[in-house]
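Undergrad: Please see the structure below; I have some questions.
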Amino acid sequence: MKMFKYIWLKDLKAELYTWKSLAWLLVTSMIFSVIAYLLLTNRELSLLDHTEMLWLFGKIIIGSALLVVVIDASSLITSEFENETIEDLILTPLSVKDFVLGKLFASLTLWLLVYTVAVPYMVVISSGTKLMGAFLGYTALLGTIAVLGFTMFVFAVSFFYRSLKNTLTTSLTLLLALSIPALFSTTLKNNALAKILGSINPLDNIFSSLDNVLVDYKVSIAQNLTFIMPLVLFCVAMFVILIFSTKVFKRRGIIKG
Amino acid sequence: MKQTISILILGLTLFAYPFYARTENASSIELHILSPRTLSGTAGDFVTVQGEITNSNSQAVNNITTYLSLVNADTKMPVDLEDWSADRGLFIETIDAKQTFPLTWKIHFVQAGNYTLTIVADIGGNDMPIASKLVYFKVLPKKNLNPGHVLPVALGEPILIVFAFLALRYWRDRKHH
């Protein structure tokens with residue numbers, strides 16, 4: 001068995017073994033339940049255009065998943081430092097690459113769980129429209145790229161800080177900062193600076209792509225490259241930062257200095 | 001004596017003219033509905049109400065505020081337009097003589113029922129507003145695409161997850177004993 005698989009399965013067991021560690025999945029499911037029910041039955045909300053309902057729900061799925069994954073990923077590497085288990089792991093024939101890859105797979109598995117929980121709601125909300133496939137596909141694609149990018153950022157910060165509190169604070173602040181433009185009005189988004197920031201903001205690109213697919217019916221990948229490319233570039237940038245932070249970690253060693 | 005009477009008549013005419021002009025201004029403004037008098041749709045639909053305001057007077061009319069008035073014909077009560085229309089009113093600074101000004105309102109049907117809509121115009125300096133003829137709205141209830149299927153999923157999935165937790169615990173306990 002490859003070494004990264006060992007790390008991946010070890011973390012998965014820790015994540016999924018008890019109901020307490022899985023309680024977030026129940027909470028996520030309840031959030032989706034309330035929103036799906038309100039969207040389809042509440043008098044005011046049910047007046048939304050059906051495509052806007054899908055768009056809103058897509059944003060909620062990806063937003064919730066990012067929140068769960070960022071919080072969880074913050075503890076994946078830092079817990080090894082705080083519990084002083086990193087020393088044991090490094091003494092085994094385990095490379096830093098395998099270590100990071102195993103942790104990355106564990107984070108992606110959490111996203112997969114959130115997505116799996118969301119699928120029945122997505123099917124129910126989009127039934128009767130021709131957008132079910134596009135809705136499922138684009139939520140999966142955009143969510144995976146976003147989760148990958150954010151997880152790599154969190155891991156990079158984890159190697160720098162080696163503390164859960166600081167990593168969590170920094171990661172959540174970044175997530176919050178990137179989410180704020182989603183609250184901007186259309187007028188504010190037309191501002192020149194807001195346009196530039198929006199074009200590089202991964203969350204803005206996710207929401208714009210979902211809007212492009214679900215509201216404007218531009219479902220092909222080619223029609224969404226404008227939004228997917230900045231997301232891919234965000235992932236590449238986070239990958240470079242992660243590589244840099246692992247190199248710094250290797251140079252500094254387990255005990256700083 | 002004749003001169004005194006002439007001055008008196010002239011003075012009275014000058015004094016009374018503004019009141020006459022106001023009355024003329026008000027009577028010369030007409031509101032017309034251009035869209036069909038009866039509009040129907042389902043709750044959630046948007047319809048456009050088009051009208052026009054015409055100044056048939058030989059003088060310009062200033063400071064005209066036009067707005068909508070919606071009444072629920074079933075409850076006989078006025079309706080708050082908050083969710084129905086984003087544009088509450090339209091202020092027109094001047095309508096020149098013999099000029100017509102188009103009026104357009106996008107209306108969002110919010111709740112099922114029968115309604116009557118009127119366009120009202122307040123003209124600056126006039127005590128009496130001018131109203132258009134009534135437009136009748138017949139709003140049918142919205143039939144959601146999937147109201148029946150959402151409840152089993154909304155209730156079922158969290159329950160299923162709780163059962164999965166219980167199964168996990170049972171499996172774990174069996175493994176340890």
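Chain labels follow the order of the structure tokens: the first chain is A, the next B, and so on; residue numbering restarts at 1 in every chain, and ligands are counted from 1 in their shown order.
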Can you check which residues of chain B have any atom within 10 Å of chain A? Use only C-alpha atoms and format it as a PyMOL selection string.
TA: chain B and resi 42-45+83+108-111+142-162+164-169+172
Undergrad: Could you turn the residues from that selection into a file that holds N, CA and C atoms, as a short mmCIF file (atom, residue, chain, number, x, y, z; two decimals), in the first residue's frame?
TA:
data_model
loop_
_atom_site.label_atom_id
_atom_site.label_comp_id
_atom_site.auth_asym_id
_atom_site.auth_seq_id
_atom_site.Cartn_x
_atom_site.Cartn_y
_atom_site.Cartn_z
N THR B 42 -49.80 33.49 -13.25
CA THR B 42 -49.61 32.68 -12.06
C THR B 42 -48.74 33.46 -11.09
N ALA B 43 -48.92 33.23 -9.81
CA ALA B 43 -48.08 33.88 -8.80
C ALA B 43 -46.61 33.59 -9.14
N GLY B 44 -45.83 34.63 -9.17
CA GLY B 44 -44.43 34.48 -9.57
C GLY B 44 -44.17 35.06 -10.95
N ASP B 45 -45.23 35.19 -11.76
CA ASP B 45 -45.07 35.76 -13.11
C ASP B 45 -44.86 37.26 -13.03
N ASP B 83 -43.47 43.99 -2.54
CA ASP B 83 -42.98 42.86 -3.33
C ASP B 83 -43.51 42.88 -4.77
N HIS B 108 -44.83 42.22 -10.39
CA HIS B 108 -44.56 40.84 -10.01
C HIS B 108 -45.80 40.31 -9.29
N PHE B 109 -46.42 39.29 -9.86
CA PHE B 109 -47.59 38.70 -9.19
C PHE B 109 -47.10 37.92 -7.97
N VAL B 110 -47.47 38.37 -6.80
CA VAL B 110 -46.94 37.77 -5.58
C VAL B 110 -47.91 36.75 -4.97
N GLN B 111 -49.18 37.10 -4.93
CA GLN B 111 -50.13 36.21 -4.25
C GLN B 111 -51.37 36.03 -5.11
N LYS B 142 -49.52 29.55 -7.54
CA LYS B 142 -48.37 28.89 -8.18
C LYS B 142 -48.36 27.42 -7.83
N LYS B 143 -48.15 26.62 -8.87
CA LYS B 143 -47.99 25.18 -8.62
C LYS B 143 -46.51 24.88 -8.69
N ASN B 144 -45.92 24.62 -7.55
CA ASN B 144 -44.47 24.36 -7.52
C ASN B 144 -44.14 23.12 -8.32
N LEU B 145 -42.92 23.10 -8.84
CA LEU B 145 -42.53 21.99 -9.69
C LEU B 145 -42.50 20.66 -8.93
N ASN B 146 -42.11 20.75 -7.67
CA ASN B 146 -41.92 19.49 -6.97
C ASN B 146 -42.23 19.59 -5.48
N PRO B 147 -43.38 20.14 -5.12
CA PRO B 147 -43.61 20.31 -3.67
C PRO B 147 -43.80 18.99 -2.94
N GLY B 148 -44.32 17.97 -3.66
CA GLY B 148 -44.62 16.69 -3.01
C GLY B 148 -43.39 15.88 -2.69
N HIS B 149 -42.35 16.06 -3.50
CA HIS B 149 -41.18 15.20 -3.34
C HIS B 149 -40.12 15.77 -2.41
N VAL B 150 -40.24 17.05 -2.13
CA VAL B 150 -39.18 17.66 -1.32
C VAL B 150 -39.26 17.21 0.14
N LEU B 151 -40.49 17.00 0.62
CA LEU B 151 -40.64 16.66 2.04
C LEU B 151 -39.98 15.33 2.41
N PRO B 152 -40.21 14.25 1.62
CA PRO B 152 -39.52 13.00 1.97
C PRO B 152 -38.01 13.14 2.01
N VAL B 153 -37.45 13.93 1.09
CA VAL B 153 -35.99 14.10 1.08
C VAL B 153 -35.57 14.99 2.25
N ALA B 154 -36.31 16.09 2.46
CA ALA B 154 -35.95 17.04 3.52
C ALA B 154 -36.02 16.39 4.90
N LEU B 155 -36.99 15.52 5.08
CA LEU B 155 -37.09 14.84 6.38
C LEU B 155 -36.29 13.56 6.41
N GLY B 156 -36.31 12.86 5.26
CA GLY B 156 -35.71 11.52 5.20
C GLY B 156 -34.21 11.50 5.32
N GLU B 157 -33.56 12.44 4.69
CA GLU B 157 -32.09 12.36 4.66
C GLU B 157 -31.45 12.55 6.04
N PRO B 158 -31.86 13.58 6.82
CA PRO B 158 -31.27 13.66 8.17
C PRO B 158 -31.57 12.42 9.01
N ILE B 159 -32.78 11.87 8.86
CA ILE B 159 -33.14 10.66 9.62
C ILE B 159 -32.24 9.49 9.18
N LEU B 160 -32.01 9.40 7.90
CA LEU B 160 -31.14 8.35 7.36
C LEU B 160 -29.72 8.48 7.92
N ILE B 161 -29.26 9.71 8.03
CA ILE B 161 -27.91 9.93 8.57
C ILE B 161 -27.85 9.52 10.05
N VAL B 162 -28.92 9.82 10.79
CA VAL B 162 -28.97 9.42 12.20
C VAL B 162 -28.92 7.89 12.30
N ALA B 164 -27.58 5.91 10.15
CA ALA B 164 -26.21 5.52 9.78
C ALA B 164 -25.28 5.64 10.98
N PHE B 165 -25.50 6.71 11.78
CA PHE B 165 -24.69 6.89 13.00
C PHE B 165 -24.93 5.73 13.96
N LEU B 166 -26.21 5.38 14.14
CA LEU B 166 -26.55 4.29 15.07
C LEU B 166 -25.94 2.97 14.60
N ALA B 167 -26.01 2.74 13.27
CA ALA B 167 -25.43 1.52 12.69
C ALA B 167 -23.92 1.49 12.92
N LEU B 168 -23.31 2.66 12.76
CA LEU B 168 -21.86 2.78 12.96
C LEU B 168 -21.49 2.44 14.40
N ARG B 169 -22.30 2.96 15.30
CA ARG B 169 -22.04 2.72 16.72
C ARG B 169 -22.21 1.24 17.06
N ARG B 172 -19.36 -0.71 15.69
CA ARG B 172 -18.15 -0.46 16.47
C ARG B 172 -18.19 -1.23 17.80
#
Undergrad: When DSSP is applied to the backbone of this structure, which of chain B are assigned strand (DSSP E)? Write them out as a ChimeraX atom specification.
TA: /B:29-33,38-42,46-55,61-72,77-78,89-95,100-108,113-123,130-131,135-140
Undergrad: Of the candidates B:Gly124, B:Leu68, B:Pro141, B:Ile130, which shows the shortest atom-to-atom distance to B:Arg88, using only C-alpha atoms?
TA: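 For B:Arg88, the nearest of the candidates is B:Leu68.
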Undergrad: At a cut-off of 8 Å, using only C-alpha atoms, what residues contact B:Ala97? Leave out same-chain residues fewer than 4 positions from it and give the result as an MDAnalysis selection string.
TA: chainID B and resid 55:61
Undergrad: Export, as a compact mmCIF listing (two decimals), in the first residue's frame, the selected residues with C-alpha atoms.
TA:
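So again.txt came out as:
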# COMPACT_ATOMS: atom_id res chain seq x y z
CA ASN B 55 -51.03 67.09 -21.32
CA SER B 56 -53.68 68.37 -23.73
CA ASN B 57 -53.37 71.90 -22.41
CA SER B 58 -51.63 74.70 -24.29
CA GLN B 59 -49.27 75.24 -21.35
CA ALA B 60 -46.62 73.01 -19.80
CA VAL B 61 -47.48 71.23 -16.56
Undergrad: When you look at A:Thr246 with a cut-off of 9 Å (counting only C-alpha atoms), what residues show up, excluding the ones that are within fewer than 3 positions of it in the same chain? I need them as a list in words.
TA: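 My list of contacting residues is Val96, Lys97, Val100, Ala156, Phe159, Phe160, Ile241, Leu242, Ile243, Phe249, Lys250 and Arg251 of chain A.
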Undergrad: Write the residues of the selection above to a file with N, CA and C atoms, as a CSV table (one decimal), in the first residue's frame.
TA:
chain,number,residue,atom,x,y,z
A,96,VAL,N,7.4,13.7,2.8
A,96,VAL,CA,6.4,14.9,3.1
A,96,VAL,C,5.4,14.9,2.0
A,97,LYS,N,5.8,14.5,0.8
A,97,LYS,CA,4.8,14.5,-0.4
A,97,LYS,C,3.7,13.5,-0.1
A,100,VAL,N,1.4,14.9,2.8
A,100,VAL,CA,0.5,16.0,2.3
A,100,VAL,C,-0.5,15.4,1.4
A,156,ALA,N,-0.6,24.9,3.6
A,156,ALA,CA,0.6,25.7,3.6
A,156,ALA,C,0.7,26.5,4.8
A,159,PHE,N,1.8,24.4,7.8
A,159,PHE,CA,3.3,24.2,8.0
A,159,PHE,C,4.0,25.4,8.5
A,160,PHE,N,3.5,26.6,8.2
A,160,PHE,CA,4.1,27.8,8.7
A,160,PHE,C,3.8,28.0,10.1
A,241,ILE,N,2.5,27.8,-3.3
A,241,ILE,CA,2.7,28.2,-1.9
A,241,ILE,C,2.9,27.0,-1.0
A,242,LEU,N,2.2,25.9,-1.3
A,242,LEU,CA,2.3,24.7,-0.5
A,242,LEU,C,3.7,24.1,-0.6
A,243,ILE,N,4.1,24.0,-1.9
A,243,ILE,CA,5.5,23.5,-2.1
A,243,ILE,C,6.5,24.3,-1.3
A,249,PHE,N,9.5,23.9,5.8
A,249,PHE,CA,9.3,22.9,6.9
A,249,PHE,C,10.5,21.9,6.9
A,250,LYS,N,10.9,21.4,5.7
A,250,LYS,CA,12.0,20.4,5.7
A,250,LYS,C,13.3,21.1,6.1
A,251,ARG,N,13.5,22.3,5.7
A,251,ARG,CA,14.7,23.0,6.1
A,251,ARG,C,14.8,23.3,7.6
Undergrad: May I have the residues within 7 Å of A:Leu164 as a PyMOL selection string, using only C-alpha atoms and disregarding those fewer than 2 positions away in the same chain?
TA: chain A and resi 74-75+78-79+162+166-168
Undergrad: Using N, CA and C atoms, can you export the residues from the last selection as a JSON list (two decimals), in the first residue's frame?
TA:
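Result written to part.json:
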[["chain", "number", "residue", "atom", "x", "y", "z"],
["A", 74, "SER", "N", -7.79, 22.60, 8.66],
["A", 74, "SER", "CA", -6.94, 23.36, 9.58],
["A", 74, "SER", "C", -6.37, 22.48, 10.68],
["A", 75, "SER", "N", -7.12, 21.45, 11.04],
["A", 75, "SER", "CA", -6.64, 20.59, 12.14],
["A", 75, "SER", "C", -5.88, 19.37, 11.63],
["A", 78, "THR", "N", -2.00, 20.51, 11.61],
["A", 78, "THR", "CA", -1.60, 21.13, 12.88],
["A", 78, "THR", "C", -1.77, 20.17, 14.06],
["A", 79, "SER", "N", -2.78, 19.26, 13.97],
["A", 79, "SER", "CA", -2.97, 18.32, 15.09],
["A", 79, "SER", "C", -1.75, 17.40, 15.24],
["A", 162, "ARG", "N", 1.99, 25.89, 12.44],
["A", 162, "ARG", "CA", 2.04, 24.68, 13.28],
["A", 162, "ARG", "C", 1.11, 24.80, 14.49],
["A", 166, "ASN", "N", -4.09, 29.53, 15.13],
["A", 166, "ASN", "CA", -3.66, 30.54, 14.15],
["A", 166, "ASN", "C", -4.03, 30.13, 12.73],
["A", 167, "THR", "N", -3.88, 28.83, 12.43],
["A", 167, "THR", "CA", -4.22, 28.36, 11.08],
["A", 167, "THR", "C", -5.71, 28.55, 10.82],
["A", 168, "LEU", "N", -6.52, 28.18, 11.80],
["A", 168, "LEU", "CA", -7.97, 28.29, 11.65],
["A", 168, "LEU", "C", -8.39, 29.74, 11.47]]
Undergrad: Considering only C-alpha atoms, return as number ranges by chain whatever protein or nucleic-acid residues lie within 9 Å of stretch 103-110 of chain A, sequence-local ones (same chain, fewer than 3 positions apart) excluded.
TA: A: 4-5, 7-12, 15, 65, 68-70, 72-73, 76-77, 98-100, 113-115, 144, 147-148, 151-152, 155
Undergrad: Would you export the selected residues with N, CA and C atoms as a JSON list (two decimals), in the first residue's frame, please?
TA:
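Dumped to part01.json:
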[["chain", "number", "residue", "atom", "x", "y", "z"],
["A", 4, "PHE", "N", 0.87, 7.29, 1.06],
["A", 4, "PHE", "CA", -0.15, 8.34, 1.20],
["A", 4, "PHE", "C", -1.51, 7.74, 1.55],
["A", 5, "LYS", "N", -1.72, 6.50, 1.07],
["A", 5, "LYS", "CA", -2.98, 5.82, 1.38],
["A", 5, "LYS", "C", -3.10, 5.55, 2.87],
["A", 7, "ILE", "N", -1.84, 7.37, 5.28],
["A", 7, "ILE", "CA", -2.21, 8.65, 5.93],
["A", 7, "ILE", "C", -3.68, 8.97, 5.68],
["A", 8, "TRP", "N", -4.09, 8.76, 4.44],
["A", 8, "TRP", "CA", -5.47, 9.06, 4.03],
["A", 8, "TRP", "C", -6.45, 8.24, 4.88],
["A", 9, "LEU", "N", -6.21, 6.92, 4.94],
["A", 9, "LEU", "CA", -7.13, 6.04, 5.67],
["A", 9, "LEU", "C", -7.07, 6.30, 7.17],
["A", 10, "LYS", "N", -5.89, 6.62, 7.66],
["A", 10, "LYS", "CA", -5.74, 6.94, 9.09],
["A", 10, "LYS", "C", -6.61, 8.15, 9.45],
["A", 11, "ASP", "N", -6.53, 9.17, 8.62],
["A", 11, "ASP", "CA", -7.32, 10.38, 8.90],
["A", 11, "ASP", "C", -8.81, 10.13, 8.70],
["A", 12, "LEU", "N", -9.12, 9.33, 7.71],
["A", 12, "LEU", "CA", -10.54, 9.03, 7.47],
["A", 12, "LEU", "C", -11.14, 8.29, 8.66],
["A", 15, "GLU", "N", -11.77, 10.65, 11.29],
["A", 15, "GLU", "CA", -12.87, 11.55, 10.96],
["A", 15, "GLU", "C", -14.23, 10.86, 11.07],
["A", 65, "ALA", "N", -19.66, 23.43, 2.05],
["A", 65, "ALA", "CA", -18.57, 22.47, 1.92],
["A", 65, "ALA", "C", -17.22, 23.13, 2.20],
["A", 68, "VAL", "N", -16.82, 23.63, 5.96],
["A", 68, "VAL", "CA", -16.52, 22.37, 6.65],
["A", 68, "VAL", "C", -15.09, 21.93, 6.36],
["A", 69, "VAL", "N", -14.71, 21.97, 5.07],
["A", 69, "VAL", "CA", -13.39, 21.46, 4.68],
["A", 69, "VAL", "C", -12.28, 22.36, 5.25],
["A", 70, "VAL", "N", -12.48, 23.67, 5.20],
["A", 70, "VAL", "CA", -11.44, 24.58, 5.71],
["A", 70, "VAL", "C", -11.23, 24.36, 7.21],
["A", 72, "ASP", "N", -11.92, 21.67, 8.95],
["A", 72, "ASP", "CA", -11.34, 20.34, 9.17],
["A", 72, "ASP", "C", -9.87, 20.29, 8.74],
["A", 73, "ALA", "N", -9.59, 20.87, 7.56],
["A", 73, "ALA", "CA", -8.22, 20.83, 7.04],
["A", 73, "ALA", "C", -7.26, 21.59, 7.96],
["A", 76, "LEU", "N", -5.99, 19.06, 10.34],
["A", 76, "LEU", "CA", -5.38, 17.83, 9.82],
["A", 76, "LEU", "C", -3.86, 17.79, 10.02],
["A", 77, "ILE", "N", -3.20, 18.87, 9.68],
["A", 77, "ILE", "CA", -1.73, 18.88, 9.81],
["A", 77, "ILE", "C", -1.31, 19.44, 11.17],
["A", 98, "ASP", "N", 4.03, 12.30, 0.41],
["A", 98, "ASP", "CA", 2.98, 11.32, 0.75],
["A", 98, "ASP", "C", 2.11, 11.82, 1.90],
["A", 99, "PHE", "N", 2.77, 12.45, 2.86],
["A", 99, "PHE", "CA", 2.07, 12.97, 4.03],
["A", 99, "PHE", "C", 1.01, 14.00, 3.59],
["A", 100, "VAL", "N", 1.45, 14.94, 2.75],
["A", 100, "VAL", "CA", 0.53, 16.01, 2.29],
["A", 100, "VAL", "C", -0.55, 15.41, 1.39],
["A", 113, "LEU", "N", -18.25, 13.64, 0.68],
["A", 113, "LEU", "CA", -19.37, 13.32, 1.59],
["A", 113, "LEU", "C", -20.44, 14.41, 1.55],
["A", 114, "VAL", "N", -19.99, 15.67, 1.61],
["A", 114, "VAL", "CA", -20.96, 16.79, 1.56],
["A", 114, "VAL", "C", -21.72, 16.74, 0.23],
["A", 115, "TYR", "N", -20.98, 16.50, -0.85],
["A", 115, "TYR", "CA", -21.61, 16.45, -2.17],
["A", 115, "TYR", "C", -22.63, 15.31, -2.25],
["A", 144, "THR", "N", -14.98, 20.90, -6.43],
["A", 144, "THR", "CA", -13.72, 20.15, -6.29],
["A", 144, "THR", "C", -12.51, 21.07, -6.47],
["A", 147, "VAL", "N", -12.31, 23.38, -3.36],
["A", 147, "VAL", "CA", -11.87, 22.65, -2.17],
["A", 147, "VAL", "C", -10.37, 22.35, -2.26],
["A", 148, "LEU", "N", -9.94, 21.95, -3.46],
["A", 148, "LEU", "CA", -8.52, 21.63, -3.67],
["A", 148, "LEU", "C", -7.66, 22.87, -3.38],
["A", 151, "THR", "N", -7.81, 23.89, 0.39],
["A", 151, "THR", "CA", -7.12, 22.92, 1.25],
["A", 151, "THR", "C", -5.61, 23.10, 1.15],
["A", 152, "MET", "N", -5.12, 23.32, -0.07],
["A", 152, "MET", "CA", -3.67, 23.52, -0.24],
["A", 152, "MET", "C", -3.22, 24.77, 0.51],
["A", 155, "PHE", "N", -3.14, 23.94, 4.22],
["A", 155, "PHE", "CA", -1.97, 23.10, 4.54],
["A", 155, "PHE", "C", -0.69, 23.94, 4.57]]
Undergrad: Between atom CA of A:Leu210 and atom CA of A:Leu197, what is the distance, to one decimal in Å?
TA: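 Going from atom CA of A:Leu210 over to atom CA of A:Leu197, I get 18.1 Å.
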Undergrad: To one decimal place in Å, what is the distance between atom CA of B:Ala121 and atom CA of B:Ile53?
TA: 8.6 Å
Undergrad: Would you please work out which residue, of B:Phe91, B:Trp171, B:Phe46, B:Phe163, is nearest to B:Leu103 when using only C-alpha atoms?
TA: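 Smallest separation from B:Leu103 among the options: B:Phe91.
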Undergrad: Interatomic distance between atom CA of B:Tyr67 and atom CA of B:Val120?
TA: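 Going from atom CA of B:Tyr67 over to atom CA of B:Val120 covers 5.4 Å.
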Undergrad: Which residues, written as a list in words, have at least one atom at most 7 Å from B:Tyr136, with only C-alpha atoms counted and residues fewer than 6 positions away on the same chain left out?
TA: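 Skipping anything fewer than 6 positions along the chain leaves Arg37, Thr38, Leu39, Tyr115, Thr116 and Leu117 of chain B.
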Undergrad: Write to file, as a PDB file, in the first residue's frame, the residues of the selection just made, with N, CA and C atoms.
TA:
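Contents of the output file result20.pdb:
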ATOM      1  N   ARG B  37     -56.865  45.608 -20.320  1.00  0.00           N
ATOM      2  CA  ARG B  37     -57.491  46.009 -19.053  1.00  0.00           C
ATOM      3  C   ARG B  37     -57.506  44.852 -18.053  1.00  0.00           C
ATOM      4  N   THR B  38     -57.432  43.630 -18.562  1.00  0.00           N
ATOM      5  CA  THR B  38     -57.380  42.476 -17.660  1.00  0.00           C
ATOM      6  C   THR B  38     -56.087  41.717 -17.927  1.00  0.00           C
ATOM      7  N   LEU B  39     -55.297  41.544 -16.874  1.00  0.00           N
ATOM      8  CA  LEU B  39     -54.043  40.796 -17.001  1.00  0.00           C
ATOM      9  C   LEU B  39     -54.105  39.606 -16.056  1.00  0.00           C
ATOM     10  N   TYR B 115     -57.302  41.422  -8.188  1.00  0.00           N
ATOM     11  CA  TYR B 115     -56.827  42.749  -7.792  1.00  0.00           C
ATOM     12  C   TYR B 115     -57.250  43.793  -8.816  1.00  0.00           C
ATOM     13  N   THR B 116     -57.292  45.037  -8.356  1.00  0.00           N
ATOM     14  CA  THR B 116     -57.492  46.147  -9.297  1.00  0.00           C
ATOM     15  C   THR B 116     -56.340  47.121  -9.115  1.00  0.00           C
ATOM     16  N   LEU B 117     -55.861  47.598 -10.240  1.00  0.00           N
ATOM     17  CA  LEU B 117     -54.717  48.515 -10.214  1.00  0.00           C
ATOM     18  C   LEU B 117     -55.112  49.840 -10.870  1.00  0.00           C
TER      19      LEU B 117
END
Undergrad: Counting only C-alpha atoms, figure out which residue out of A:Leu141, A:Leu175, A:Ala134, A:Val119 gets nearest to A:Asn212.
TA: A:Ala134
Undergrad: Rank B:Thr118, B:Gln50, B:Thr66, B:Ser35 by their smallest atom-to-atom distance to B:Gly89, using only C-alpha atoms, and report the top residue only.
TA: B:Thr66
